[in-house]
Amino acid sequence: MRDAGREPIRLLTISREYGAGGSELGLLLGEKLGWLVIDHELVRRLAARLSCDEGDVVAMDEHAPSFLERLAAVATVTAPESRVHSSPWTTDPDCVAAAAREVLLEAAKNPPVIIVGHGGNCLFRGRPDVLRVRVVARFDLRVQRVARRTGAPAQRAAADVRRRDADRQQYLQRYYKTDMNEPCSYDVQINTGTISLESAARLVLGLIGAEALSH
């Protein structure tokens, strides 16, 4: 538990390894707490903000641009006004990341709220009312979950897990200069390979309730 005298928790960030169940935990906590959950909802808000299709946002979501993608973005955009009218956002992950940051900052102005992924643990680390949770699980277990959820063969699921983990690591490094595996970037880490989502939710609720009861 954090020091007494701190503000009650009104903002919860959930960082997650791919396939560890972070999104599911966010939804479960949102239901139990009655808090807004910003996860897949972020895609809709970004698409509206950037005037593009949700599928285009999904392709760039939590993705740092490669060297070739940065070259493509420069080649595509020749003038500032063309960015507004020709909507080249789908080739520019930097624009998507900047817009995501704006959307999250706006959402956090009206707590309580749960934010899943997108560097929320870094973006809000200075807030006194935040609890930063990380959700992890063994690689092989996460592969099994992804294969079961998507119907993909185990080999493809494993490649997908590696790619998504790498994307999220690069995302945090590029936009927040933070290592995903830095333990002090989180207040609590939960292994869903040994702790069920229901138990994980009770743990987080206990931390939030304990904070609230101390004020």
# chains A, B, ... in the order shown; residues from 1 in each chain; ligands from 1

call {"tool": "select_by_dssp", "arguments": {"residues": "segment 131-193 of chain A", "states": "alpha helix (DSSP H)", "output": "PDB file with N, CA and C atoms, in the first residue's frame"}}
result
ATOM      1  N   PHE A 139       5.045 -16.936 -21.613  1.00  0.00           N
ATOM      2  CA  PHE A 139       4.921 -16.830 -23.067  1.00  0.00           C
ATOM      3  C   PHE A 139       4.070 -17.953 -23.645  1.00  0.00           C
ATOM      4  N   ASP A 140       4.344 -19.193 -23.256  1.00  0.00           N
ATOM      5  CA  ASP A 140       3.619 -20.312 -23.844  1.00  0.00           C
ATOM      6  C   ASP A 140       2.133 -20.264 -23.508  1.00  0.00           C
ATOM      7  N   LEU A 141       1.811 -19.787 -22.325  1.00  0.00           N
ATOM      8  CA  LEU A 141       0.404 -19.669 -21.937  1.00  0.00           C
ATOM      9  C   LEU A 141      -0.283 -18.579 -22.759  1.00  0.00           C
ATOM     10  N   ARG A 142       0.422 -17.491 -22.974  1.00  0.00           N
ATOM     11  CA  ARG A 142      -0.157 -16.413 -23.775  1.00  0.00           C
ATOM     12  C   ARG A 142      -0.377 -16.854 -25.223  1.00  0.00           C
ATOM     13  N   VAL A 143       0.543 -17.648 -25.739  1.00  0.00           N
ATOM     14  CA  VAL A 143       0.383 -18.182 -27.092  1.00  0.00           C
ATOM     15  C   VAL A 143      -0.864 -19.062 -27.168  1.00  0.00           C
ATOM     16  N   GLN A 144      -1.059 -19.916 -26.167  1.00  0.00           N
ATOM     17  CA  GLN A 144      -2.239 -20.772 -26.138  1.00  0.00           C
ATOM     18  C   GLN A 144      -3.521 -19.947 -26.122  1.00  0.00           C
ATOM     19  N   ARG A 145      -3.525 -18.893 -25.333  1.00  0.00           N
ATOM     20  CA  ARG A 145      -4.718 -18.045 -25.242  1.00  0.00           C
ATOM     21  C   ARG A 145      -5.011 -17.356 -26.562  1.00  0.00           C
ATOM     22  N   VAL A 146      -3.973 -16.815 -27.192  1.00  0.00           N
ATOM     23  CA  VAL A 146      -4.162 -16.119 -28.466  1.00  0.00           C
ATOM     24  C   VAL A 146      -4.624 -17.092 -29.542  1.00  0.00           C
ATOM     25  N   ALA A 147      -4.036 -18.285 -29.584  1.00  0.00           N
ATOM     26  CA  ALA A 147      -4.441 -19.305 -30.561  1.00  0.00           C
ATOM     27  C   ALA A 147      -5.899 -19.697 -30.352  1.00  0.00           C
ATOM     28  N   ARG A 148      -6.293 -19.855 -29.098  1.00  0.00           N
ATOM     29  CA  ARG A 148      -7.667 -20.240 -28.783  1.00  0.00           C
ATOM     30  C   ARG A 148      -8.641 -19.113 -29.158  1.00  0.00           C
ATOM     31  N   ARG A 149      -8.239 -17.870 -28.907  1.00  0.00           N
ATOM     32  CA  ARG A 149      -9.127 -16.734 -29.178  1.00  0.00           C
ATOM     33  C   ARG A 149      -9.262 -16.448 -30.670  1.00  0.00           C
ATOM     34  N   THR A 150      -8.165 -16.576 -31.401  1.00  0.00           N
ATOM     35  CA  THR A 150      -8.164 -16.194 -32.818  1.00  0.00           C
ATOM     36  C   THR A 150      -8.357 -17.364 -33.764  1.00  0.00           C
ATOM     37  N   ALA A 154      -0.658 -22.569 -33.644  1.00  0.00           N
ATOM     38  CA  ALA A 154       0.227 -22.171 -32.552  1.00  0.00           C
ATOM     39  C   ALA A 154       1.433 -21.376 -33.058  1.00  0.00           C
ATOM     40  N   GLN A 155       1.999 -21.777 -34.187  1.00  0.00           N
ATOM     41  CA  GLN A 155       3.174 -21.085 -34.708  1.00  0.00           C
ATOM     42  C   GLN A 155       2.857 -19.636 -35.065  1.00  0.00           C
ATOM     43  N   ARG A 156       1.710 -19.433 -35.700  1.00  0.00           N
ATOM     44  CA  ARG A 156       1.319 -18.071 -36.066  1.00  0.00           C
ATOM     45  C   ARG A 156       0.978 -17.258 -34.823  1.00  0.00           C
ATOM     46  N   ALA A 157       0.321 -17.888 -33.852  1.00  0.00           N
ATOM     47  CA  ALA A 157      -0.015 -17.194 -32.604  1.00  0.00           C
ATOM     48  C   ALA A 157       1.254 -16.772 -31.875  1.00  0.00           C
ATOM     49  N   ALA A 158       2.261 -17.638 -31.865  1.00  0.00           N
ATOM     50  CA  ALA A 158       3.524 -17.310 -31.200  1.00  0.00           C
ATOM     51  C   ALA A 158       4.195 -16.119 -31.879  1.00  0.00           C
ATOM     52  N   ALA A 159       4.175 -16.114 -33.210  1.00  0.00           N
ATOM     53  CA  ALA A 159       4.763 -14.985 -33.950  1.00  0.00           C
ATOM     54  C   ALA A 159       4.002 -13.699 -33.653  1.00  0.00           C
ATOM     55  N   ASP A 160       2.685 -13.804 -33.529  1.00  0.00           N
ATOM     56  CA  ASP A 160       1.857 -12.634 -33.239  1.00  0.00           C
ATOM     57  C   ASP A 160       2.164 -12.088 -31.848  1.00  0.00           C
ATOM     58  N   VAL A 161       2.321 -12.982 -30.877  1.00  0.00           N
ATOM     59  CA  VAL A 161       2.652 -12.554 -29.516  1.00  0.00           C
ATOM     60  C   VAL A 161       4.000 -11.842 -29.495  1.00  0.00           C
ATOM     61  N   ARG A 162       4.993 -12.408 -30.157  1.00  0.00           N
ATOM     62  CA  ARG A 162       6.313 -11.778 -30.201  1.00  0.00           C
ATOM     63  C   ARG A 162       6.243 -10.399 -30.856  1.00  0.00           C
ATOM     64  N   ARG A 163       5.501 -10.317 -31.964  1.00  0.00           N
ATOM     65  CA  ARG A 163       5.403  -9.038 -32.685  1.00  0.00           C
ATOM     66  C   ARG A 163       4.704  -7.976 -31.853  1.00  0.00           C
ATOM     67  N   ARG A 164       3.594  -8.356 -31.216  1.00  0.00           N
ATOM     68  CA  ARG A 164       2.847  -7.365 -30.433  1.00  0.00           C
ATOM     69  C   ARG A 164       3.632  -6.921 -29.211  1.00  0.00           C
ATOM     70  N   ASP A 165       4.322  -7.850 -28.565  1.00  0.00           N
ATOM     71  CA  ASP A 165       5.171  -7.475 -27.430  1.00  0.00           C
ATOM     72  C   ASP A 165       6.264  -6.514 -27.884  1.00  0.00           C
ATOM     73  N   ALA A 166       6.884  -6.810 -29.028  1.00  0.00           N
ATOM     74  CA  ALA A 166       7.949  -5.952 -29.543  1.00  0.00           C
ATOM     75  C   ALA A 166       7.409  -4.581 -29.912  1.00  0.00           C
ATOM     76  N   ASP A 167       6.229  -4.537 -30.520  1.00  0.00           N
ATOM     77  CA  ASP A 167       5.609  -3.255 -30.878  1.00  0.00           C
ATOM     78  C   ASP A 167       5.392  -2.402 -29.629  1.00  0.00           C
ATOM     79  N   ARG A 168       4.878  -3.007 -28.587  1.00  0.00           N
ATOM     80  CA  ARG A 168       4.578  -2.251 -27.365  1.00  0.00           C
ATOM     81  C   ARG A 168       5.854  -1.786 -26.681  1.00  0.00           C
ATOM     82  N   GLN A 169       6.895  -2.602 -26.733  1.00  0.00           N
ATOM     83  CA  GLN A 169       8.184  -2.198 -26.171  1.00  0.00           C
ATOM     84  C   GLN A 169       8.738  -1.003 -26.943  1.00  0.00           C
ATOM     85  N   GLN A 170       8.713  -1.067 -28.279  1.00  0.00           N
ATOM     86  CA  GLN A 170       9.220   0.024 -29.104  1.00  0.00           C
ATOM     87  C   GLN A 170       8.383   1.287 -28.934  1.00  0.00           C
ATOM     88  N   TYR A 171       7.078   1.095 -28.759  1.00  0.00           N
ATOM     89  CA  TYR A 171       6.174   2.226 -28.550  1.00  0.00           C
ATOM     90  C   TYR A 171       6.569   3.007 -27.298  1.00  0.00           C
ATOM     91  N   LEU A 172       6.779   2.293 -26.200  1.00  0.00           N
ATOM     92  CA  LEU A 172       7.163   2.951 -24.950  1.00  0.00           C
ATOM     93  C   LEU A 172       8.541   3.591 -25.056  1.00  0.00           C
ATOM     94  N   GLN A 173       9.445   2.938 -25.749  1.00  0.00           N
ATOM     95  CA  GLN A 173      10.786   3.492 -25.895  1.00  0.00           C
ATOM     96  C   GLN A 173      10.774   4.755 -26.731  1.00  0.00           C
ATOM     97  N   ARG A 174      10.015   4.743 -27.828  1.00  0.00           N
ATOM     98  CA  ARG A 174      10.004   5.895 -28.734  1.00  0.00           C
ATOM     99  C   ARG A 174       9.279   7.097 -28.128  1.00  0.00           C
ATOM    100  N   TYR A 175       8.117   6.853 -27.545  1.00  0.00           N
ATOM    101  CA  TYR A 175       7.272   7.972 -27.117  1.00  0.00           C
ATOM    102  C   TYR A 175       7.407   8.339 -25.645  1.00  0.00           C
ATOM    103  N   TYR A 176       7.949   7.430 -24.828  1.00  0.00           N
ATOM    104  CA  TYR A 176       8.070   7.719 -23.401  1.00  0.00           C
ATOM    105  C   TYR A 176       9.455   7.434 -22.844  1.00  0.00           C
TER     106      TYR A 176
END

call {"tool": "residues_around", "arguments": {"residues": "segment 57-62 of chain A", "least_positions_apart": "5", "cutoff": "9 Å", "atoms": "only C-alpha atoms", "output": "ChimeraX atom specification"}}
result
/A:43-44,46-47,50,52,89-94,96-97,100,117-119,164,167-168,170-172

call {"tool": "closest_residue", "arguments": {"among": "A:Leu27, A:Ala48, A:Leu11, A:Val130", "to": "Val113 of chain A", "atoms": "only C-alpha atoms"}}
result
A:Leu11

call {"tool": "residues_around", "arguments": {"residues": "Arg45 of chain A", "least_positions_apart": "3", "cutoff": "10 Å", "atoms": "only C-alpha atoms", "output": "PDB file with N, CA, C and O atoms, in the first residue's frame"}}
result
ATOM      1  N   ILE A  38     -11.113   2.963 -21.088  1.00  0.00           N
ATOM      2  CA  ILE A  38     -10.573   3.412 -22.367  1.00  0.00           C
ATOM      3  C   ILE A  38      -9.608   2.344 -22.860  1.00  0.00           C
ATOM      4  O   ILE A  38      -8.476   2.233 -22.401  1.00  0.00           O
ATOM      5  N   HIS A  40     -10.526  -0.434 -26.245  1.00  0.00           N
ATOM      6  CA  HIS A  40     -10.954  -0.471 -27.644  1.00  0.00           C
ATOM      7  C   HIS A  40     -11.724   0.799 -28.004  1.00  0.00           C
ATOM      8  O   HIS A  40     -11.775   1.189 -29.176  1.00  0.00           O
ATOM      9  N   GLU A  41     -12.306   1.444 -26.994  1.00  0.00           N
ATOM     10  CA  GLU A  41     -12.992   2.723 -27.205  1.00  0.00           C
ATOM     11  C   GLU A  41     -12.038   3.771 -27.768  1.00  0.00           C
ATOM     12  O   GLU A  41     -12.443   4.677 -28.499  1.00  0.00           O
ATOM     13  N   LEU A  42     -10.760   3.635 -27.435  1.00  0.00           N
ATOM     14  CA  LEU A  42      -9.772   4.602 -27.919  1.00  0.00           C
ATOM     15  C   LEU A  42      -9.687   4.588 -29.437  1.00  0.00           C
ATOM     16  O   LEU A  42      -9.492   5.636 -30.066  1.00  0.00           O
ATOM     17  N   ALA A  48     -12.268   9.101 -35.144  1.00  0.00           N
ATOM     18  CA  ALA A  48     -13.056  10.324 -35.278  1.00  0.00           C
ATOM     19  C   ALA A  48     -12.148  11.554 -35.284  1.00  0.00           C
ATOM     20  O   ALA A  48     -12.333  12.484 -36.083  1.00  0.00           O
ATOM     21  N   ARG A  49     -11.148  11.550 -34.431  1.00  0.00           N
ATOM     22  CA  ARG A  49     -10.241  12.699 -34.347  1.00  0.00           C
ATOM     23  C   ARG A  49      -9.404  12.850 -35.612  1.00  0.00           C
ATOM     24  O   ARG A  49      -9.144  13.970 -36.068  1.00  0.00           O
ATOM     25  N   LEU A  50      -8.965  11.741 -36.170  1.00  0.00           N
ATOM     26  CA  LEU A  50      -8.078  11.773 -37.334  1.00  0.00           C
ATOM     27  C   LEU A  50      -8.829  11.664 -38.656  1.00  0.00           C
ATOM     28  O   LEU A  50      -8.204  11.669 -39.722  1.00  0.00           O
ATOM     29  N   SER A  51     -10.153  11.539 -38.579  1.00  0.00           N
ATOM     30  CA  SER A  51     -10.983  11.443 -39.790  1.00  0.00           C
ATOM     31  C   SER A  51     -10.535  10.301 -40.692  1.00  0.00           C
ATOM     32  O   SER A  51     -10.287  10.484 -41.896  1.00  0.00           O
ATOM     33  N   GLU A  54     -11.579   3.120 -38.650  1.00  0.00           N
ATOM     34  CA  GLU A  54     -11.081   2.466 -37.445  1.00  0.00           C
ATOM     35  C   GLU A  54     -10.033   1.411 -37.771  1.00  0.00           C
ATOM     36  O   GLU A  54      -9.079   1.219 -37.024  1.00  0.00           O
ATOM     37  N   VAL A  57      -6.637   2.887 -37.937  1.00  0.00           N
ATOM     38  CA  VAL A  57      -6.088   3.177 -36.614  1.00  0.00           C
ATOM     39  C   VAL A  57      -5.561   1.900 -35.975  1.00  0.00           C
ATOM     40  O   VAL A  57      -4.471   1.883 -35.394  1.00  0.00           O
ATOM     41  N   ALA A  99      -2.100  11.698 -31.244  1.00  0.00           N
ATOM     42  CA  ALA A  99      -3.545  11.815 -31.038  1.00  0.00           C
ATOM     43  C   ALA A  99      -3.997  10.970 -29.857  1.00  0.00           C
ATOM     44  O   ALA A  99      -4.863  11.371 -29.082  1.00  0.00           O
ATOM     45  N   ALA A 100      -3.417   9.775 -29.701  1.00  0.00           N
ATOM     46  CA  ALA A 100      -3.767   8.914 -28.568  1.00  0.00           C
ATOM     47  C   ALA A 100      -3.435   9.608 -27.256  1.00  0.00           C
ATOM     48  O   ALA A 100      -4.214   9.550 -26.290  1.00  0.00           O
ATOM     49  N   VAL A 103      -6.127  12.186 -26.565  1.00  0.00           N
ATOM     50  CA  VAL A 103      -7.389  11.560 -26.163  1.00  0.00           C
ATOM     51  C   VAL A 103      -7.309  11.072 -24.719  1.00  0.00           C
ATOM     52  O   VAL A 103      -8.246  11.251 -23.928  1.00  0.00           O
ATOM     53  N   LEU A 104      -6.184  10.471 -24.355  1.00  0.00           N
ATOM     54  CA  LEU A 104      -6.028   9.961 -22.991  1.00  0.00           C
ATOM     55  C   LEU A 104      -5.980  11.103 -21.978  1.00  0.00           C
ATOM     56  O   LEU A 104      -6.564  10.999 -20.893  1.00  0.00           O
TER      57      LEU A 104
END

call {"tool": "closest_residue", "arguments": {"among": "A:Glu182, A:Asp39, A:Glu17, A:Glu7", "to": "Ile114 of chain A", "atoms": "only C-alpha atoms"}}
result
A:Asp39

call {"tool": "atom_distance", "arguments": {"atom1": "atom CA of Arg10 of chain A", "atom2": "atom CA of Pro112 of chain A"}}
result
4.5 Å

call {"tool": "atom_distance", "arguments": {"atom1": "atom CA of Arg202 of chain A", "atom2": "atom CA of Leu29 of chain A"}}
result
8.8 Å

call {"tool": "residues_around", "arguments": {"residues": "Thr13 of chain A", "least_positions_apart": "5", "cutoff": "7 Å", "atoms": "only C-alpha atoms", "output": "number ranges by chain"}}
result
A: 114-116, 120-121, 131-133

call {"tool": "select_by_dssp", "arguments": {"residues": "segment 167-196 of chain A", "states": "strand (DSSP E or B)", "output": "list of chain:residue names"}}
result
A:Val188, A:Gln189, A:Ile190, A:Asn191

call {"tool": "closest_residue", "arguments": {"among": "A:Gly209, A:Gly34, A:Gly151, A:Gly126", "to": "Pro8 of chain A", "atoms": "only C-alpha atoms"}}
result
A:Gly209
